[in-house]
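Here is the file input_34.cif (mmCIF, C-alpha atoms).
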data_run
loop_
_atom_site.label_atom_id
_atom_site.label_comp_id
_atom_site.auth_asym_id
_atom_site.auth_seq_id
_atom_site.Cartn_x
_atom_site.Cartn_y
_atom_site.Cartn_z
CA ALA A 1 0.00 0.00 0.00
CA SER A 2 2.88 2.35 0.78
CA ARG A 3 4.56 1.66 -2.56
CA ARG A 4 1.26 2.39 -4.35
CA GLY A 5 0.93 5.67 -2.48
CA ASP A 6 -2.09 4.56 -0.39
CA LEU A 7 -0.52 6.01 2.74
CA ASP A 8 -3.58 6.12 4.99
CA ILE A 9 -4.25 2.42 4.36
CA ALA A 10 -0.57 1.62 4.80
CA GLN A 11 -0.46 3.43 8.13
CA GLN A 12 -3.51 1.52 9.41
CA TYR A 13 -1.94 -1.83 8.56
CA GLY A 14 1.44 -0.73 9.88
CA GLU A 15 0.03 0.27 13.24
CA ARG A 16 -1.85 -3.03 13.52
CA ALA A 17 1.24 -5.06 12.59
CA LEU A 18 3.52 -3.29 15.06
CA ALA A 19 0.90 -3.54 17.80
CA LEU A 20 1.11 -7.32 17.38
CA ASP A 21 4.91 -7.34 17.22
CA PRO A 22 6.90 -4.07 17.48
CA LEU A 23 10.02 -5.90 16.24
CA ASP A 24 8.50 -7.54 13.17
CA PRO A 25 10.90 -6.68 10.30
CA PRO A 26 8.36 -6.56 7.43
CA GLY A 27 5.92 -4.58 9.56
CA ALA A 28 8.63 -2.14 10.58
CA ALA A 29 9.76 -1.78 6.98
CA GLY A 30 6.24 -1.04 5.78
CA MET A 31 5.62 1.51 8.51
CA ALA A 32 9.02 3.15 7.99
CA ARG A 33 8.42 3.48 4.25
CA THR A 34 5.01 4.99 4.99
CA ARG A 35 6.49 7.51 7.42
CA ILE A 36 9.13 8.48 4.86
CA GLU A 37 6.47 9.00 2.19
CA GLN A 38 4.48 11.05 4.71
CA ARG A 39 7.56 13.26 5.12
CA ARG A 40 8.08 12.12 8.70
CA PRO A 41 11.57 10.60 8.41
CA GLU A 42 12.36 11.12 12.09
CA GLN A 43 9.42 8.86 13.00
CA ALA A 44 10.68 6.29 10.51
CA LEU A 45 14.03 6.24 12.31
CA VAL A 46 12.33 5.51 15.63
CA VAL A 47 10.66 2.43 14.12
CA LEU A 48 13.78 1.29 12.25
CA ASP A 49 16.35 1.68 15.01
CA LYS A 50 14.38 -0.57 17.37
CA VAL A 51 14.38 -3.43 14.88
CA LEU A 52 17.90 -2.84 13.58
CA ALA A 53 19.18 -3.33 17.13
CA THR A 54 18.01 -6.97 16.99
CA ASP A 55 19.57 -9.99 15.31
CA LEU A 56 18.32 -9.92 11.71
CA ARG A 57 18.64 -12.10 8.66
CA ASP A 58 20.50 -10.40 5.84
CA GLU A 59 17.34 -10.09 3.78
CA ASN A 60 15.67 -8.02 6.49
CA LEU A 61 18.86 -6.15 7.36
CA ALA A 62 19.30 -5.08 3.73
CA ASN A 63 15.75 -3.79 3.53
CA LEU A 64 15.70 -1.98 6.86
CA ALA A 65 19.16 -0.43 6.50
CA SER A 66 18.24 0.84 3.04
CA LEU A 67 15.14 2.49 4.48
CA LYS A 68 17.23 4.00 7.25
CA GLY A 69 19.45 5.49 4.57
CA GLU A 70 16.37 7.00 2.91
CA ALA A 71 15.17 8.52 6.18
CA LEU A 72 18.59 9.98 6.96
CA ASP A 73 18.84 11.33 3.43
CA ARG A 74 15.53 13.16 3.88
CA LEU A 75 16.93 14.68 7.07
CA GLY A 76 20.07 15.89 5.32
CA ARG A 77 22.34 13.58 7.35
CA PHE A 78 24.20 12.41 4.26
CA ALA A 79 27.29 10.81 5.79
CA GLU A 80 25.08 8.69 8.08
CA ALA A 81 22.82 7.87 5.14
CA PHE A 82 25.79 6.64 3.11
CA ALA A 83 26.85 4.42 6.00
CA ALA A 84 23.33 2.93 6.20
CA TYR A 85 23.25 2.26 2.45
CA SER A 86 26.63 0.55 2.78
CA VAL A 87 25.32 -1.72 5.54
CA SER A 88 22.38 -2.62 3.30
CA ASN A 89 24.65 -3.48 0.38
CA GLU A 90 26.98 -5.55 2.53
CA ALA A 91 24.00 -7.61 3.67
CA THR A 92 22.80 -8.00 0.08
CA SER A 93 26.27 -9.08 -1.01
CA ARG A 94 26.40 -11.78 1.67
CA ARG A 95 22.96 -12.98 0.66
CA LEU A 96 23.91 -13.16 -3.02
CA ASP A 97 27.10 -15.04 -2.14
CA ARG A 98 25.00 -17.68 -0.42
CA LEU A 99 22.52 -17.89 -3.27
CA GLY A 100 25.25 -18.03 -5.90
CA THR A 101 25.09 -16.01 -9.14
CA GLY A 102 26.97 -18.33 -11.48
CA SER A 103 30.54 -18.31 -12.70
CA GLU A 104 30.01 -15.31 -15.00
CA THR A 105 29.12 -11.99 -13.41
CA HIS A 106 26.73 -9.67 -15.19
CA ARG A 107 29.62 -7.34 -15.97
CA ASP A 108 31.59 -10.26 -17.44
CA PHE A 109 28.51 -11.12 -19.51
CA ALA A 110 28.30 -7.58 -20.91
CA GLU A 111 32.01 -7.48 -21.66
CA ARG A 112 31.99 -10.86 -23.42
CA LEU A 113 29.08 -9.89 -25.64
CA GLY A 114 30.93 -6.76 -26.65
CA ARG A 115 34.00 -8.78 -27.62
CA GLU A 116 31.98 -11.35 -29.55
CA PHE A 117 30.12 -8.67 -31.47
CA ALA A 118 33.30 -6.77 -32.35
CA ALA A 119 34.80 -9.96 -33.80
CA ILE A 120 31.98 -10.40 -36.34
CA ASN A 121 32.74 -8.71 -39.65
CA ASP A 122 29.67 -9.80 -41.61
CA TRP A 123 26.73 -9.03 -39.34
CA PRO A 124 23.58 -9.39 -41.50
CA THR A 125 21.80 -6.13 -42.24
CA ASP A 126 19.41 -6.98 -45.09
CA GLU A 127 16.79 -9.13 -43.34
CA THR A 128 13.23 -7.84 -43.39
CA ASP A 129 10.20 -8.95 -41.44
CA GLU A 130 6.73 -7.71 -42.22
CA SER A 131 5.16 -8.82 -38.92
CA PRO A 132 4.46 -6.23 -36.19
CA ALA A 133 7.57 -5.29 -34.23
CA PRO A 134 7.76 -4.21 -30.59
CA ALA A 135 9.30 -1.04 -29.26
CA PHE A 136 12.07 -1.79 -26.76
CA LEU A 137 12.67 0.63 -23.90
CA ILE A 138 16.26 0.29 -22.68
CA GLY A 139 18.93 2.33 -20.88
CA TYR A 140 20.15 1.36 -17.42
CA PRO A 141 18.42 0.66 -14.10
CA ARG A 142 17.19 3.85 -12.43
CA SER A 143 17.42 5.85 -15.66
CA GLY A 144 13.69 6.59 -15.94
CA THR A 145 12.47 3.60 -17.94
CA THR A 146 9.60 2.81 -15.55
CA LEU A 147 8.38 6.40 -15.80
CA VAL A 148 8.39 6.34 -19.61
CA GLU A 149 6.77 2.89 -19.71
CA ASN A 150 3.80 4.16 -17.73
CA VAL A 151 3.65 7.37 -19.77
CA LEU A 152 3.34 5.27 -22.93
CA ALA A 153 0.92 2.81 -21.30
CA SER A 154 -1.44 5.75 -20.77
CA ILE A 155 -2.00 5.99 -24.54
CA PRO A 156 -5.03 4.09 -25.93
CA GLY A 157 -3.79 1.39 -28.26
CA VAL A 158 -0.45 0.93 -26.49
CA ALA A 159 0.36 -2.15 -24.40
CA ALA A 160 3.43 -2.32 -22.17
CA LEU A 161 5.22 -4.89 -20.06
CA GLU A 162 7.94 -4.38 -17.48
CA GLU A 163 11.09 -6.45 -17.18
CA ARG A 164 10.01 -9.91 -18.22
CA PRO A 165 12.23 -12.49 -19.99
CA THR A 166 10.39 -12.13 -23.29
CA LEU A 167 13.56 -12.96 -25.25
CA ALA A 168 14.31 -16.13 -23.30
CA ALA A 169 13.95 -18.37 -26.36
CA GLY A 170 17.03 -16.77 -27.88
CA ASP A 171 18.97 -16.47 -24.66
CA HIS A 172 21.23 -19.42 -25.52
CA TYR A 173 22.82 -17.38 -28.31
CA LEU A 174 24.00 -14.90 -25.71
CA ARG A 175 24.86 -17.42 -23.01
CA LYS A 176 26.29 -20.47 -24.83
CA ALA A 177 26.01 -20.65 -28.62
CA GLY A 178 27.51 -17.22 -29.18
CA LEU A 179 26.71 -14.19 -31.31
CA ALA A 180 28.53 -15.65 -34.34
CA ARG A 181 25.92 -18.41 -34.55
CA LEU A 182 23.15 -15.85 -34.03
CA ALA A 183 24.48 -13.90 -37.02
CA LYS A 184 24.07 -17.03 -39.18
CA ALA A 185 20.61 -18.04 -37.92
CA ASP A 186 18.28 -18.84 -40.84
CA ARG A 187 14.77 -17.50 -41.45
CA ASP A 188 12.99 -20.54 -40.00
CA THR A 189 14.99 -20.20 -36.79
CA LEU A 190 14.17 -16.50 -36.55
CA ASP A 191 10.48 -17.20 -37.21
CA ASP A 192 10.50 -19.69 -34.32
CA LEU A 193 12.15 -17.12 -32.06
CA ARG A 194 9.55 -14.50 -32.97
CA LYS A 195 6.73 -16.94 -32.31
CA ALA A 196 8.19 -17.81 -28.90
CA TYR A 197 8.55 -14.09 -28.12
CA TRP A 198 4.89 -13.31 -28.72
CA GLN A 199 3.87 -16.42 -26.80
CA ALA A 200 5.87 -15.13 -23.83
CA VAL A 201 4.15 -11.75 -24.10
CA ALA A 202 0.72 -13.41 -24.14
CA ALA A 203 1.69 -15.65 -21.21
CA ALA A 204 2.46 -12.49 -19.22
CA GLY A 205 -1.18 -11.46 -19.67
CA ILE A 206 -0.63 -8.87 -22.39
CA ASP A 207 -2.95 -8.61 -25.40
CA ALA A 208 -0.70 -6.93 -27.96
CA VAL A 209 -2.81 -7.70 -31.03
CA GLY A 210 -3.36 -4.55 -33.08
CA LYS A 211 -1.44 -2.44 -30.57
CA LEU A 212 1.99 -0.92 -30.23
CA PHE A 213 3.74 -3.17 -27.73
CA VAL A 214 6.41 -1.60 -25.50
CA ASP A 215 8.88 -4.05 -23.98
CA LYS A 216 10.56 -2.25 -21.09
CA ASP A 217 13.76 -3.60 -19.61
CA PRO A 218 16.73 -1.30 -18.96
CA LEU A 219 19.19 -4.18 -19.32
CA LYS A 220 17.87 -5.44 -22.67
CA GLY A 221 20.41 -3.19 -24.34
CA LEU A 222 22.67 -6.23 -24.15
CA TYR A 223 20.10 -8.09 -26.26
CA LEU A 224 20.24 -5.63 -29.15
CA PRO A 225 22.02 -8.10 -31.50
CA LEU A 226 19.24 -10.63 -30.85
CA ILE A 227 16.56 -7.95 -31.22
CA ALA A 228 18.07 -6.83 -34.53
CA ARG A 229 17.89 -10.37 -35.95
CA MET A 230 14.40 -11.09 -34.66
CA PHE A 231 12.82 -7.68 -35.22
CA PRO A 232 14.80 -5.59 -37.73
CA ASN A 233 11.94 -3.05 -37.75
CA ALA A 234 11.87 -2.66 -33.97
CA LYS A 235 12.03 0.83 -32.53
CA ILE A 236 14.51 1.36 -29.70
CA ILE A 237 13.91 4.00 -27.03
CA VAL A 238 17.17 4.71 -25.18
CA MET A 239 16.76 6.43 -21.82
CA ARG A 240 19.62 8.71 -20.82
CA ARG A 241 20.26 10.07 -17.35
CA ASP A 242 23.32 11.59 -15.73
CA PRO A 243 25.61 8.57 -15.12
CA ARG A 244 26.45 9.86 -11.65
CA ASP A 245 22.78 9.95 -10.66
CA VAL A 246 22.19 6.53 -12.20
CA VAL A 247 25.06 4.78 -10.43
CA TRP A 248 24.34 6.48 -7.12
CA SER A 249 20.65 5.55 -7.36
CA CYS A 250 21.55 1.91 -8.08
CA PHE A 251 23.88 1.81 -5.08
CA ARG A 252 21.25 3.15 -2.71
CA ALA A 253 18.40 0.94 -4.02
CA ASN A 254 17.57 -2.37 -2.37
CA PHE A 255 17.04 -4.55 -5.45
CA ALA A 256 15.72 -8.09 -5.50
CA PRO A 257 18.64 -10.57 -5.66
CA THR A 258 19.78 -11.09 -9.26
CA PRO A 259 23.19 -11.30 -10.97
CA ALA A 260 22.73 -7.68 -12.08
CA ALA A 261 21.83 -6.57 -8.55
CA ALA A 262 25.14 -7.97 -7.31
CA GLU A 263 26.88 -5.32 -9.43
CA PHE A 264 25.30 -2.53 -7.39
CA THR A 265 26.53 -3.63 -3.96
CA GLY A 266 29.66 -1.46 -4.17
CA LEU A 267 30.15 1.99 -5.64
CA GLU A 268 33.21 1.13 -7.70
CA ARG A 269 31.67 -2.14 -8.81
CA ALA A 270 28.52 -0.32 -9.94
CA ALA A 271 30.52 2.32 -11.81
CA ARG A 272 32.60 -0.30 -13.64
CA HIS A 273 29.46 -2.25 -14.52
CA TYR A 274 27.90 0.91 -15.95
CA ASP A 275 31.05 1.62 -17.97
CA THR A 276 31.17 -1.93 -19.36
CA LEU A 277 27.48 -2.14 -20.20
CA MET A 278 27.51 1.26 -21.90
CA ARG A 279 30.52 0.32 -24.02
CA SER A 280 28.75 -2.80 -25.29
CA GLN A 281 25.34 -1.18 -25.68
CA GLU A 282 26.71 1.85 -27.54
CA ALA A 283 28.74 -0.39 -29.86
CA PHE A 284 25.56 -2.31 -30.70
CA LEU A 285 23.58 0.87 -31.31
CA GLU A 286 26.26 2.29 -33.60
CA ALA A 287 26.69 -0.86 -35.69
CA LEU A 288 23.11 -2.13 -35.98
CA THR A 289 20.53 -0.59 -38.30
CA LEU A 290 17.82 -0.37 -35.68
CA SER A 291 15.73 2.80 -35.50
CA ARG A 292 16.37 4.55 -32.18
CA HIS A 293 15.30 7.59 -30.19
CA GLU A 294 17.30 8.95 -27.25
CA LEU A 295 15.28 10.44 -24.41
CA PRO A 296 17.15 12.27 -21.62
CA TYR A 297 15.40 11.99 -18.28
CA GLU A 298 16.32 15.58 -17.41
CA ALA A 299 14.77 16.91 -20.63
CA LEU A 300 11.61 14.89 -19.99
CA VAL A 301 11.01 16.41 -16.56
CA ALA A 302 11.92 19.89 -17.80
CA ASP A 303 9.49 19.88 -20.76
CA PHE A 304 7.23 16.87 -20.49
CA ASP A 305 4.85 17.74 -23.31
CA GLU A 306 7.53 18.55 -25.87
CA GLU A 307 9.59 15.45 -25.16
CA THR A 308 6.60 13.11 -25.13
CA LYS A 309 5.37 14.59 -28.42
CA ARG A 310 8.76 13.88 -29.97
CA LEU A 311 8.61 10.35 -28.57
CA CYS A 312 5.13 9.78 -30.00
CA ASN A 313 6.26 11.06 -33.39
CA PHE A 314 9.10 8.52 -33.34
CA LEU A 315 6.76 5.67 -32.39
CA GLY A 316 4.02 6.66 -34.82
CA VAL A 317 1.31 7.04 -32.17
CA GLU A 318 -0.90 10.01 -31.41
CA TRP A 319 0.01 12.21 -28.44
CA THR A 320 -2.70 12.54 -25.83
CA GLU A 321 -3.13 14.52 -22.63
CA GLN A 322 -3.74 11.19 -20.89
CA MET A 323 0.04 10.72 -20.94
CA ARG A 324 0.31 13.36 -18.22
CA ASP A 325 -1.70 11.08 -15.93
CA PHE A 326 1.00 8.39 -15.81
CA ALA A 327 0.80 8.19 -12.00
CA ARG A 328 -2.79 6.97 -12.19
CA THR A 329 -1.76 4.52 -14.90
CA ALA A 330 1.03 3.20 -12.67
CA ARG A 331 -1.35 2.71 -9.74
CA ARG A 332 -3.85 0.94 -11.98
CA ARG A 333 -1.31 -1.36 -13.63
CA GLY A 334 0.86 -1.99 -10.59
CA VAL A 335 4.62 -1.55 -10.67
CA SER A 336 6.98 -4.21 -9.37
CA THR A 337 10.31 -2.40 -9.81
CA MET A 338 12.16 -0.18 -7.35
CA SER A 339 10.53 2.86 -9.01
CA ALA A 340 7.03 1.95 -7.80
CA SER A 341 6.73 4.73 -5.23
CA GLN A 342 8.24 7.42 -7.47
CA VAL A 343 6.20 6.69 -10.60
CA SER A 344 2.97 6.69 -8.57
CA LYS A 345 3.52 10.40 -7.83
CA PRO A 346 3.29 13.49 -10.03
CA LEU A 347 6.34 14.33 -12.12
CA TYR A 348 9.30 15.70 -10.18
CA ASP A 349 12.92 16.46 -10.99
CA GLY A 350 15.23 13.85 -9.44
CA SER A 351 18.37 15.08 -11.18
CA ARG A 352 21.77 15.85 -9.58
CA GLN A 353 21.00 13.92 -6.41
CA TRP A 354 24.55 12.60 -6.57
CA GLN A 355 25.89 16.01 -5.58
CA ARG A 356 24.79 15.49 -1.98
CA TYR A 357 27.28 12.62 -1.89
CA ASP A 358 30.06 14.09 -4.03
CA GLU A 359 32.64 13.31 -1.34
CA GLN A 360 31.72 9.62 -1.23
CA LEU A 361 31.44 9.41 -5.03
CA GLY A 362 34.80 11.10 -5.60
CA PRO A 363 36.77 7.88 -6.27
CA ILE A 364 34.37 6.70 -9.01
CA LEU A 365 33.91 9.98 -10.88
CA PRO A 366 36.91 9.33 -13.20
CA ILE A 367 35.29 6.03 -14.27
CA LEU A 368 32.07 7.81 -15.20
CA ALA A 369 33.64 10.98 -16.61
CA PRO A 370 33.82 9.76 -20.25
CA TRP A 371 30.10 8.98 -20.22
CA VAL A 372 29.22 12.23 -18.44
CA GLU A 373 30.97 14.04 -21.29
CA ARG A 374 29.64 11.83 -24.07
CA PHE A 375 26.03 12.18 -22.98
CA GLY A 376 26.35 15.94 -22.59
CA TYR A 377 26.21 16.45 -18.84
CA ALA A 378 28.08 19.20 -17.03
CA ALA A 379 31.13 18.10 -15.07
#
Can you turn what I pasted into structure tokens?
Amino acid sequence: ASRRGDLDIAQQYGERALALDPLDPPGAAGMARTRIEQRRPEQALVVLDKVLATDLRDENLANLASLKGEALDRLGRFAEAFAAYSVSNEATSRRLDRLGTGSETHRDFAERLGREFAAINDWPTDETDESPAPAFLIGYPRSGTTLVENVLASIPGVAALEERPTLAAGDHYLRKAGLARLAKADRDTLDDLRKAYWQAVAAAGIDAVGKLFVDKDPLKGLYLPLIARMFPNAKIIVMRRDPRDVVWSCFRANFAPTPAAAEFTGLERAARHYDTLMRSQEAFLEALTLSRHELPYEALVADFDEETKRLCNFLGVEWTEQMRDFARTARRRGVSTMSASQVSKPLYDGSRQWQRYDEQLGPILPILAPWVERFGYAA
């Protein structure tokens, strides 16, 4: 309820839960998040500190320490907030170590794909496919993709889906078979992959027939070679956001445990992952003949109507005032990503948040500097 923005309901349940057990970690987390959203971060700290003083499993410690960081951030106690975020990430790292994330890290995966792609001199560029093609919304976690997904989902005749493995049928080309074999895949193979893709979309409960389908996943930029073979007419929306804000936001977020989430448990690790993924993604975008549109998050929040009109023109859909009501769309559809609470609110400018932590981010700024310059952000 708190993530959806139903704060009165969330408070009622939170009070009932903590009356039953004042040290219940999920109950404390829900109440703390509600207090933060109610702009009462000091009350959130009272709830959190009681539970954090107990012996907690890493899953609960990661969640509660992350929320403590958010409360301290709201209070302007940035050094303490950074320490709390670090505790959260250390707990997440221990949890991921126990779960195991495979022999290849997500950064290794991104780097390998970049090498494989660069080694192919005869990537096919003349395939055509007359069937409807999706629009893929990519970028990087915390770059604004959830916001744009719900903006587009507000348009009649547009269907959208967030972060599902819709391309799983072709995953073996990226994981085992290799991009060289993908480059040589014949038409029957590609037809089978397309069929499996649309079956996955339907299995997720999406009726995309006769609609523009938007497939949102910030990390699907690594799948661009597969997308280009399956859907040569696909439209690619590339979200841009200041790399410093993106990496900082990933570090402070308490993601569900995945191989990609492991990359965000340390500032330097997150910065190097961003650098590696951008190098591969940008190489794909430059070499492939996919139609693309770059959308800076900062420009979107500065002039929403103008940027969304440009986006609609690229996608070939009609702009509508309903796009401004993306928060209602998000509440209706439900959002499962870390951006749930933000996208359920009116538009606000979340840029340059990294500056509050410029001292802590100092060691990683040289890693991000080339991308800050390339994407046109001020130093």
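Computed from the coordinates, the atom CA of A:Arg269 to atom CA of A:Lys68 distance equals 22.5 Å.
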* What gap, in Å, lies between atom CA of A:Ala260 and atom CA of A:Ala196? ->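 Calculated distance between atom CA of A:Ala260 and atom CA of A:Ala196 is 24.4 Å.
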Report as a tab-separated table the residues of stretch 207-266 of chain A within 9 Å of stretch 152-157 of chain A, each with its shortest atom pair and distance in Å (one decimal), using all atoms listed in the file, ordered by chain and increasing residue number.
residue	atom	partner	partner_atom	distance
A:Ala208	CA	A:Gly157	CA	8.9
A:Gly210	CA	A:Gly157	CA	7.7
A:Lys211	CA	A:Gly157	CA	5.1
A:Leu212	CA	A:Gly157	CA	6.5
A:Phe213	CA	A:Gly157	CA	8.8
A:Val214	CA	A:Leu152	CA	8.0
* Asked: So what do you get for atom CA of A:Val51 versus atom CA of A:Ala65, distance-wise?
  ->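 Answer for the atom CA of A:Val51 to atom CA of A:Ala65 separation: 10.1 Å.
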* Among listed residues A:Phe251, A:Tyr197, A:Tyr85, A:Trp371, nearest A:Met230 (using all atoms listed in the file) -> A:Tyr197
* Residues within 8 Å of (27.5, 9.0, -11.2), file coords, only C-alpha atoms, listed as JSON, numbers by chain -> {"A": [242, 243, 244, 245, 246, 247, 248, 271, 354, 361, 364, 365, 368]}
* Asked: Just so the selection is clear, what residues does the PyMOL selection byres ((chain A and resi 106) around 9) cover here, as number ranges by chain?
  -> A: 101, 104-105, 107-111, 259-263, 273
* Pick from A:Ala283, A:Leu179, A:Ile138, A:Ala79, whichever lies nearest to A:Lys220 using all atoms listed in the file -> A:Ile138
